[in-house]
>>> print(open('final.json').read())   # JSON, C-alpha atoms
[["chain", "number", "residue", "atom", "x", "y", "z"],
["U", 1, "MET", "CA", -33.31, -10.93, -57.28],
["U", 2, "LYS", "CA", -36.98, -11.24, -56.37],
["U", 3, "THR", "CA", -37.31, -14.26, -58.67],
["U", 4, "VAL", "CA", -34.26, -15.93, -57.09],
["U", 5, "PHE", "CA", -35.71, -15.26, -53.63],
["U", 6, "THR", "CA", -39.09, -16.75, -54.59],
["U", 7, "ILE", "CA", -37.48, -19.85, -56.13],
["U", 8, "THR", "CA", -35.32, -20.30, -53.01],
["U", 9, "ILE", "CA", -38.39, -20.16, -50.77],
["U", 10, "LEU", "CA", -40.12, -22.76, -52.97],
["U", 11, "ILE", "CA", -37.09, -25.08, -52.82],
["U", 12, "HIS", "CA", -36.88, -24.53, -49.06],
["U", 13, "VAL", "CA", -40.55, -25.47, -48.58],
["U", 14, "LEU", "CA", -40.35, -28.54, -50.83],
["U", 15, "ALA", "CA", -37.21, -29.74, -49.02],
["U", 16, "GLY", "CA", -39.00, -29.18, -45.71],
["U", 17, "ILE", "CA", -41.91, -31.35, -46.80],
["U", 18, "GLY", "CA", -39.47, -33.99, -48.01],
["U", 19, "ALA", "CA", -37.61, -33.92, -44.68],
["U", 20, "LEU", "CA", -40.81, -34.29, -42.65],
["U", 21, "ILE", "CA", -41.96, -37.28, -44.73],
["U", 22, "SER", "CA", -38.60, -39.05, -45.10],
["U", 23, "GLY", "CA", -37.68, -38.38, -41.46],
["U", 24, "ALA", "CA", -40.91, -39.96, -40.23],
["U", 25, "LEU", "CA", -40.36, -42.96, -42.53],
["U", 26, "ALA", "CA", -36.76, -43.40, -41.35],
["U", 27, "ILE", "CA", -37.93, -43.43, -37.73],
["U", 28, "ILE", "CA", -40.72, -45.90, -38.48],
["U", 29, "LEU", "CA", -38.51, -48.22, -40.54],
["U", 30, "LYS", "CA", -35.65, -48.05, -38.00],
["U", 31, "ARG", "CA", -32.12, -49.19, -38.64],
["U", 32, "ASN", "CA", -32.58, -52.95, -39.07],
["U", 33, "THR", "CA", -34.68, -52.72, -42.23],
["U", 34, "PRO", "CA", -33.05, -52.45, -45.69],
["U", 35, "LYS", "CA", -35.05, -49.34, -46.59],
["U", 36, "HIS", "CA", -33.83, -47.34, -43.61],
["U", 37, "LYS", "CA", -30.53, -46.28, -45.20],
["U", 38, "PRO", "CA", -31.90, -44.96, -48.52],
["U", 39, "VAL", "CA", -34.75, -43.17, -46.77],
["U", 40, "GLY", "CA", -32.32, -41.75, -44.23],
["U", 41, "ARG", "CA", -30.11, -40.58, -47.09],
["U", 42, "VAL", "CA", -33.07, -38.72, -48.62],
["U", 43, "TYR", "CA", -33.71, -37.09, -45.24],
["U", 44, "PHE", "CA", -30.06, -36.03, -44.94],
["U", 45, "TRP", "CA", -30.04, -34.34, -48.35],
["U", 46, "CYS", "CA", -33.39, -32.68, -47.71],
["U", 47, "MET", "CA", -31.97, -31.23, -44.50],
["U", 48, "THR", "CA", -28.87, -30.13, -46.41],
["U", 49, "VAL", "CA", -31.03, -28.23, -48.91],
["U", 50, "ILE", "CA", -33.01, -26.71, -46.03],
["U", 51, "PHE", "CA", -29.76, -25.57, -44.42],
["U", 52, "VAL", "CA", -28.34, -23.97, -47.58],
["U", 53, "THR", "CA", -31.59, -22.22, -48.53],
["U", 54, "GLY", "CA", -32.25, -21.24, -44.90],
["U", 55, "VAL", "CA", -28.86, -19.56, -44.60],
["U", 56, "PHE", "CA", -29.42, -17.76, -47.92],
["U", 57, "LEU", "CA", -32.86, -16.51, -46.89],
["U", 58, "SER", "CA", -31.70, -15.43, -43.44],
["U", 59, "VAL", "CA", -28.81, -13.43, -44.94],
["U", 60, "CYS", "CA", -31.06, -11.82, -47.56],
["U", 61, "LYS", "CA", -33.64, -10.80, -44.95],
["U", 62, "GLY", "CA", -31.14, -9.99, -42.23],
["U", 63, "LEU", "CA", -32.71, -12.50, -39.85],
["U", 64, "LEU", "CA", -29.86, -13.32, -37.48],
["U", 65, "PHE", "CA", -31.90, -15.74, -35.36],
["U", 66, "LEU", "CA", -32.99, -17.73, -38.43],
["U", 67, "PHE", "CA", -29.31, -17.93, -39.44],
["U", 68, "PHE", "CA", -28.38, -19.35, -36.02],
["U", 69, "ILE", "CA", -31.26, -21.84, -36.03],
["U", 70, "ALA", "CA", -30.37, -23.07, -39.53],
["U", 71, "ILE", "CA", -26.88, -23.95, -38.29],
["U", 72, "PHE", "CA", -28.24, -25.39, -35.01],
["U", 73, "THR", "CA", -30.57, -27.81, -36.81],
["U", 74, "TYR", "CA", -28.07, -28.85, -39.45],
["U", 75, "TYR", "CA", -25.41, -29.39, -36.79],
["U", 76, "ALA", "CA", -27.49, -32.24, -35.36],
["U", 77, "THR", "CA", -27.96, -33.65, -38.87],
["U", 78, "ILE", "CA", -24.28, -33.57, -39.82],
["U", 79, "ILE", "CA", -23.16, -34.96, -36.45],
["U", 80, "ALA", "CA", -25.57, -37.88, -36.88],
["U", 81, "TYR", "CA", -24.17, -38.48, -40.38],
["U", 82, "ARG", "CA", -20.54, -38.24, -39.27],
["U", 83, "ALA", "CA", -21.19, -40.67, -36.39],
["U", 84, "LEU", "CA", -21.48, -43.44, -38.99],
["U", 85, "ARG", "CA", -17.97, -42.54, -40.18],
["U", 86, "LEU", "CA", -16.49, -42.45, -36.68],
["U", 87, "LYS", "CA", -17.28, -45.94, -35.42],
["U", 88, "ASN", "CA", -13.70, -46.74, -34.45],
["U", 89, "LEU", "CA", -12.73, -43.88, -32.18],
["U", 90, "HIS", "CA", -12.23, -46.47, -29.44],
["U", 91, "ASN", "CA", -9.72, -48.30, -31.67],
["U", 92, "GLY", "CA", -7.48, -45.32, -32.29],
["U", 93, "GLN", "CA", -9.40, -43.66, -35.11],
["U", 94, "LYS", "CA", -8.84, -39.91, -35.20],
["U", 95, "PRO", "CA", -11.52, -37.35, -36.10],
["U", 96, "ALA", "CA", -10.96, -35.80, -39.51],
["U", 97, "ARG", "CA", -10.24, -32.11, -39.96],
["U", 98, "LEU", "CA", -13.83, -31.79, -41.14],
["U", 99, "ASP", "CA", -15.06, -33.01, -37.76],
["U", 100, "TRP", "CA", -13.00, -30.41, -35.90],
["U", 101, "PHE", "CA", -14.13, -27.71, -38.33],
["U", 102, "ILE", "CA", -17.78, -28.62, -37.72],
["U", 103, "GLN", "CA", -17.30, -28.34, -33.95],
["U", 104, "PHE", "CA", -15.47, -25.01, -34.31],
["U", 105, "VAL", "CA", -18.16, -23.40, -36.47],
["U", 106, "ALA", "CA", -20.96, -24.83, -34.32],
["U", 107, "GLY", "CA", -19.29, -23.68, -31.11],
["U", 108, "LEU", "CA", -19.00, -20.10, -32.39],
["U", 109, "THR", "CA", -22.61, -20.22, -33.57],
["U", 110, "PHE", "CA", -24.01, -21.43, -30.27],
["U", 111, "ILE", "CA", -21.98, -18.94, -28.26],
["U", 112, "GLY", "CA", -23.38, -16.34, -30.65],
["U", 113, "LEU", "CA", -26.90, -17.56, -29.86],
["U", 114, "VAL", "CA", -26.27, -17.08, -26.13],
["U", 115, "VAL", "CA", -24.88, -13.57, -26.74],
["U", 116, "PHE", "CA", -27.87, -12.83, -28.97],
["U", 117, "ALA", "CA", -30.22, -13.98, -26.21],
["U", 118, "ILE", "CA", -28.49, -11.76, -23.64],
["U", 119, "TYR", "CA", -28.75, -8.80, -26.03],
["U", 120, "ARG", "CA", -32.45, -9.48, -26.65],
["U", 121, "TYR", "CA", -33.12, -9.52, -22.91],
["U", 122, "MET", "CA", -30.80, -6.78, -21.65],
["U", 123, "VAL", "CA", -31.17, -4.25, -24.49],
["U", 124, "GLN", "CA", -34.47, -5.03, -26.16],
["U", 125, "HIS", "CA", -36.16, -6.34, -22.99],
["U", 126, "SER", "CA", -37.72, -9.15, -25.01],
["U", 127, "PRO", "CA", -39.31, -12.03, -23.07],
["U", 128, "ASP", "CA", -38.68, -14.39, -26.00],
["U", 129, "ALA", "CA", -34.94, -14.17, -25.31],
["U", 130, "VAL", "CA", -35.38, -17.52, -23.59],
["U", 131, "ILE", "CA", -35.72, -19.13, -27.04],
["U", 132, "PRO", "CA", -32.20, -18.38, -28.38],
["U", 133, "LEU", "CA", -30.84, -18.90, -24.86],
["U", 134, "ALA", "CA", -32.26, -22.43, -24.70],
["U", 135, "PHE", "CA", -30.98, -23.36, -28.17],
["U", 136, "GLY", "CA", -27.61, -21.76, -27.50],
["U", 137, "VAL", "CA", -27.05, -23.56, -24.21],
["U", 138, "MET", "CA", -28.14, -26.91, -25.69],
["U", 139, "GLY", "CA", -25.78, -26.35, -28.60],
["U", 140, "VAL", "CA", -22.79, -25.43, -26.44],
["U", 141, "LEU", "CA", -23.33, -28.53, -24.30],
["U", 142, "GLY", "CA", -23.53, -30.68, -27.43],
["U", 143, "VAL", "CA", -20.25, -29.30, -28.79],
["U", 144, "TYR", "CA", -18.60, -29.79, -25.39],
["U", 145, "ARG", "CA", -19.65, -33.46, -25.27],
["U", 146, "ASN", "CA", -18.49, -34.12, -28.83],
["U", 147, "VAL", "CA", -15.11, -32.42, -28.39],
["U", 148, "LYS", "CA", -14.58, -34.26, -25.10],
["U", 149, "ARG", "CA", -15.32, -37.54, -26.89],
["U", 150, "PHE", "CA", -12.79, -36.67, -29.59],
["U", 151, "ILE", "CA", -10.11, -35.94, -26.99],
["U", 152, "ASP", "CA", -10.78, -38.59, -24.35],
["U", 153, "GLY", "CA", -12.30, -41.27, -26.56],
["U", 154, "PRO", "CA", -15.75, -42.87, -26.18],
["U", 155, "LYS", "CA", -16.74, -44.64, -22.97],
["U", 156, "GLU", "CA", -19.18, -47.24, -24.31],
["U", 157, "THR", "CA", -19.46, -49.72, -27.17],
["U", 158, "MET", "CA", -22.42, -48.39, -29.15],
["U", 159, "TYR", "CA", -21.60, -44.71, -28.73],
["U", 160, "TRP", "CA", -21.80, -44.06, -32.49],
["U", 161, "LEU", "CA", -25.31, -45.47, -32.78],
["U", 162, "LYS", "CA", -26.56, -43.43, -29.85],
["U", 163, "ILE", "CA", -25.06, -40.31, -31.40],
["U", 164, "HIS", "CA", -26.61, -41.16, -34.77],
["U", 165, "VAL", "CA", -30.08, -41.87, -33.42],
["U", 166, "GLY", "CA", -30.09, -39.03, -30.90],
["U", 167, "ASN", "CA", -28.93, -36.36, -33.33],
["U", 168, "MET", "CA", -31.06, -37.49, -36.26],
["U", 169, "CYS", "CA", -34.10, -37.38, -34.01],
["U", 170, "GLY", "CA", -32.92, -34.02, -32.71],
["U", 171, "SER", "CA", -32.67, -32.62, -36.22],
["U", 172, "TYR", "CA", -36.16, -33.96, -36.92],
["U", 173, "ILE", "CA", -37.41, -32.04, -33.91],
["U", 174, "GLY", "CA", -35.85, -28.98, -35.54],
["U", 175, "ALA", "CA", -37.76, -29.69, -38.76],
["U", 176, "ILE", "CA", -41.02, -30.08, -36.83],
["U", 177, "THR", "CA", -40.32, -26.89, -34.88],
["U", 178, "ALA", "CA", -39.72, -24.94, -38.09],
["U", 179, "PHE", "CA", -42.99, -26.23, -39.53],
["U", 180, "VAL", "CA", -44.98, -25.38, -36.41],
["U", 181, "VAL", "CA", -43.45, -21.89, -36.07],
["U", 182, "ASN", "CA", -44.18, -21.13, -39.74],
["U", 183, "GLN", "CA", -47.82, -21.99, -39.04],
["U", 184, "SER", "CA", -47.92, -19.82, -35.90],
["U", 185, "GLU", "CA", -50.53, -17.43, -37.30],
["U", 186, "HIS", "CA", -52.94, -20.37, -37.46],
["U", 187, "ILE", "CA", -52.04, -21.74, -34.02],
["U", 188, "PRO", "CA", -53.30, -19.62, -31.07],
["U", 189, "VAL", "CA", -50.42, -20.54, -28.77],
["U", 190, "ASN", "CA", -47.66, -18.50, -27.12],
["U", 191, "PRO", "CA", -44.68, -18.32, -29.56],
["U", 192, "ILE", "CA", -42.31, -19.56, -26.85],
["U", 193, "LEU", "CA", -44.34, -22.77, -26.58],
["U", 194, "LEU", "CA", -44.24, -23.20, -30.36],
["U", 195, "TRP", "CA", -40.46, -22.84, -30.39],
["U", 196, "LEU", "CA", -39.67, -25.00, -27.38],
["U", 197, "GLY", "CA", -42.73, -27.28, -27.20],
["U", 198, "PRO", "CA", -41.55, -29.92, -29.71],
["U", 199, "THR", "CA", -38.23, -30.19, -27.85],
["U", 200, "PHE", "CA", -39.81, -30.66, -24.43],
["U", 201, "ILE", "CA", -42.34, -33.16, -25.79],
["U", 202, "LEU", "CA", -40.08, -35.27, -28.01],
["U", 203, "VAL", "CA", -36.75, -35.29, -26.15],
["U", 204, "PRO", "CA", -38.11, -37.71, -23.48],
["U", 205, "VAL", "CA", -39.21, -39.99, -26.32],
["U", 206, "ILE", "CA", -35.67, -39.89, -27.75],
["U", 207, "MET", "CA", -34.25, -40.73, -24.33],
["U", 208, "VAL", "CA", -36.47, -43.81, -24.17],
["U", 209, "GLU", "CA", -35.29, -44.91, -27.63],
["U", 210, "LEU", "CA", -31.63, -44.41, -26.68],
["U", 211, "LYS", "CA", -32.08, -46.60, -23.61],
["U", 212, "LYS", "CA", -33.20, -49.43, -25.90],
["U", 213, "ILE", "CA", -29.76, -49.47, -27.54],
["U", 214, "LYS", "CA", -27.75, -52.17, -25.83],
["U", 215, "SER", "CA", -24.41, -50.68, -24.93],
["U", 216, "LYS", "CA", -21.87, -51.29, -22.21],
["U", 217, "PRO", "CA", -18.69, -49.66, -20.90],
["U", 218, "LEU", "CA", -15.69, -50.30, -23.13],
["U", 219, "GLU", "CA", -13.66, -51.60, -20.18],
["U", 220, "GLN", "CA", -16.33, -54.27, -19.59],
["U", 221, "SER", "CA", -16.48, -55.21, -23.29],
["U", 222, "LEU", "CA", -12.73, -55.76, -23.38],
["U", 223, "SER", "CA", -12.57, -57.85, -20.21]]
>>> encode(input="final.json", output="structure tokens")
Amino acid sequence: MKTVFTITILIHVLAGIGALISGALAIILKRNTPKHKPVGRVYFWCMTVIFVTGVFLSVCKGLLFLFFIAIFTYYATIIAYRALRLKNLHNGQKPARLDWFIQFVAGLTFIGLVVFAIYRYMVQHSPDAVIPLAFGVMGVLGVYRNVKRFIDGPKETMYWLKIHVGNMCGSYIGAITAFVVNQSEHIPVNPILLWLGPTFILVPVIMVELKKIKSKPLEQSLS
């Protein structure tokens, strides 16, 4: 079992390095270059390997928070991937059962993160309870927006591209966060800043990129 655990850690680390490199390249190349898709595909599969190995390691070590974070990060990755398959929601396309299943599992996970945060604060009196609380709340809001879009339909023309870009960048933030946290013993910074810092720094950058995507209300595009 020790050998399996060691091999899993090695695969997890190698996939993490691959995700950091391919993710950066995908962002640099952007969507209009022919190399963006294959590089983005490499990033997706690296994140998939990270997710599988991360869940395995968290279960083996009994690290509930790591289990939640593995699902949180991969949720953004899979939503970005599925957005490319759901370009016609405004034309009557229906989400697949897989899409509903993803939202169901993610919703339970993020509610679990919030409960975990409350437990950490109320029972264990831990000041770092703000970390799972922040991730849990962000996750619940993300599931709410996606489910609402499934039910009501999208409101703008390039909704799928915004979802793809926003969530892929969000999952990359997760990869950066994991790397920074794993190097925490070499970084003399409060752990809360290491966990939430990449999000606070990079989310405004993502917002700027999303504003560059030319989109308009569907009612206007049909008129």
>>> closest_residue(input="final.json", among="U:Val165, U:Ala129, U:Val115, U:Ile173", to="U:Gly40", atoms="only C-alpha atoms")
U:Val165
>>> closest_residue(input="final.json", among="U:Val181, U:Leu66, U:Ile28, U:Val42", to="U:Cys169", atoms="only C-alpha atoms")
U:Ile28
>>> closest_residue(input="final.json", among="U:Val114, U:Leu202, U:Ala24, U:Ile163", to="U:Arg82", atoms="all atoms listed in the file")
U:Ile163
>>> axis_aligned_box(input="final.json", around="stretch 110-120 of chain U", padding_each_side="6 Å", output="AutoDock Vina command-line options")
--center_x -27.2 --center_y -15.1 --center_z -27.1 --size_x 22.5 --size_y 24.6 --size_z 19.0
>>> atom_distance(input="final.json", atom1="atom CA of U:Phe67", atom2="atom CA of U:Arg120")
15.6 Å
>>> atom_distance(input="final.json", atom1="atom CA of U:Thr3", atom2="atom CA of U:Glu185")
25.3 Å
>>> closest_residue(input="final.json", among="U:Phe72, U:Tyr43, U:Phe179, U:Trp160", to="U:Lys87", atoms="all atoms listed in the file")
U:Trp160
>>> residues_near_point(input="final.json", point="(-38.3, -45.6, -29.6)", cutoff="12 Å", atoms="all atoms listed in the file", output="JSON, numbers by chain")
{"U": [27, 28, 29, 30, 31, 162, 165, 166, 169, 202, 203, 204, 205, 206, 207, 208, 209, 210, 211, 212, 213]}
>>> residues_around(input="final.json", residues="stretch 48-64 of chain U", least_positions_apart="4", cutoff="8 Å", atoms="all atoms listed in the file", output="PyMOL selection string")
chain U and resi 5+8-9+11-12+15-16+44+68+70-71+73-74
>>> residues_around(input="final.json", residues="U:Met158", least_positions_apart="6", cutoff="8 Å", atoms="only C-alpha atoms", output="MDAnalysis selection string")
chainID U and resid 213:216
>>> residues_near_point(input="final.json", point="(-35.2, -34.8, -36.4)", cutoff="9 Å", atoms="all atoms listed in the file", output="list in words")
Ala19, Leu20, Gly23, Ala24, Thr73, Ala76, Thr77, Gly166, Asn167, Met168, Cys169, Gly170, Ser171, Tyr172, Ile173, Gly174, Ala175 and Ile176 of chain U
>>> closest_residue(input="final.json", among="U:Val130, U:Val39, U:Cys46, U:Leu14", to="U:Leu193", atoms="all atoms listed in the file")
U:Val130
>>> atom_distance(input="final.json", atom1="atom CA of U:Gly197", atom2="atom CA of U:Phe104")
28.3 Å
>>> closest_residue(input="final.json", among="U:Leu86, U:Val13, U:Ile7, U:Ala26", to="U:Leu161", atoms="all atoms listed in the file")
U:Leu86
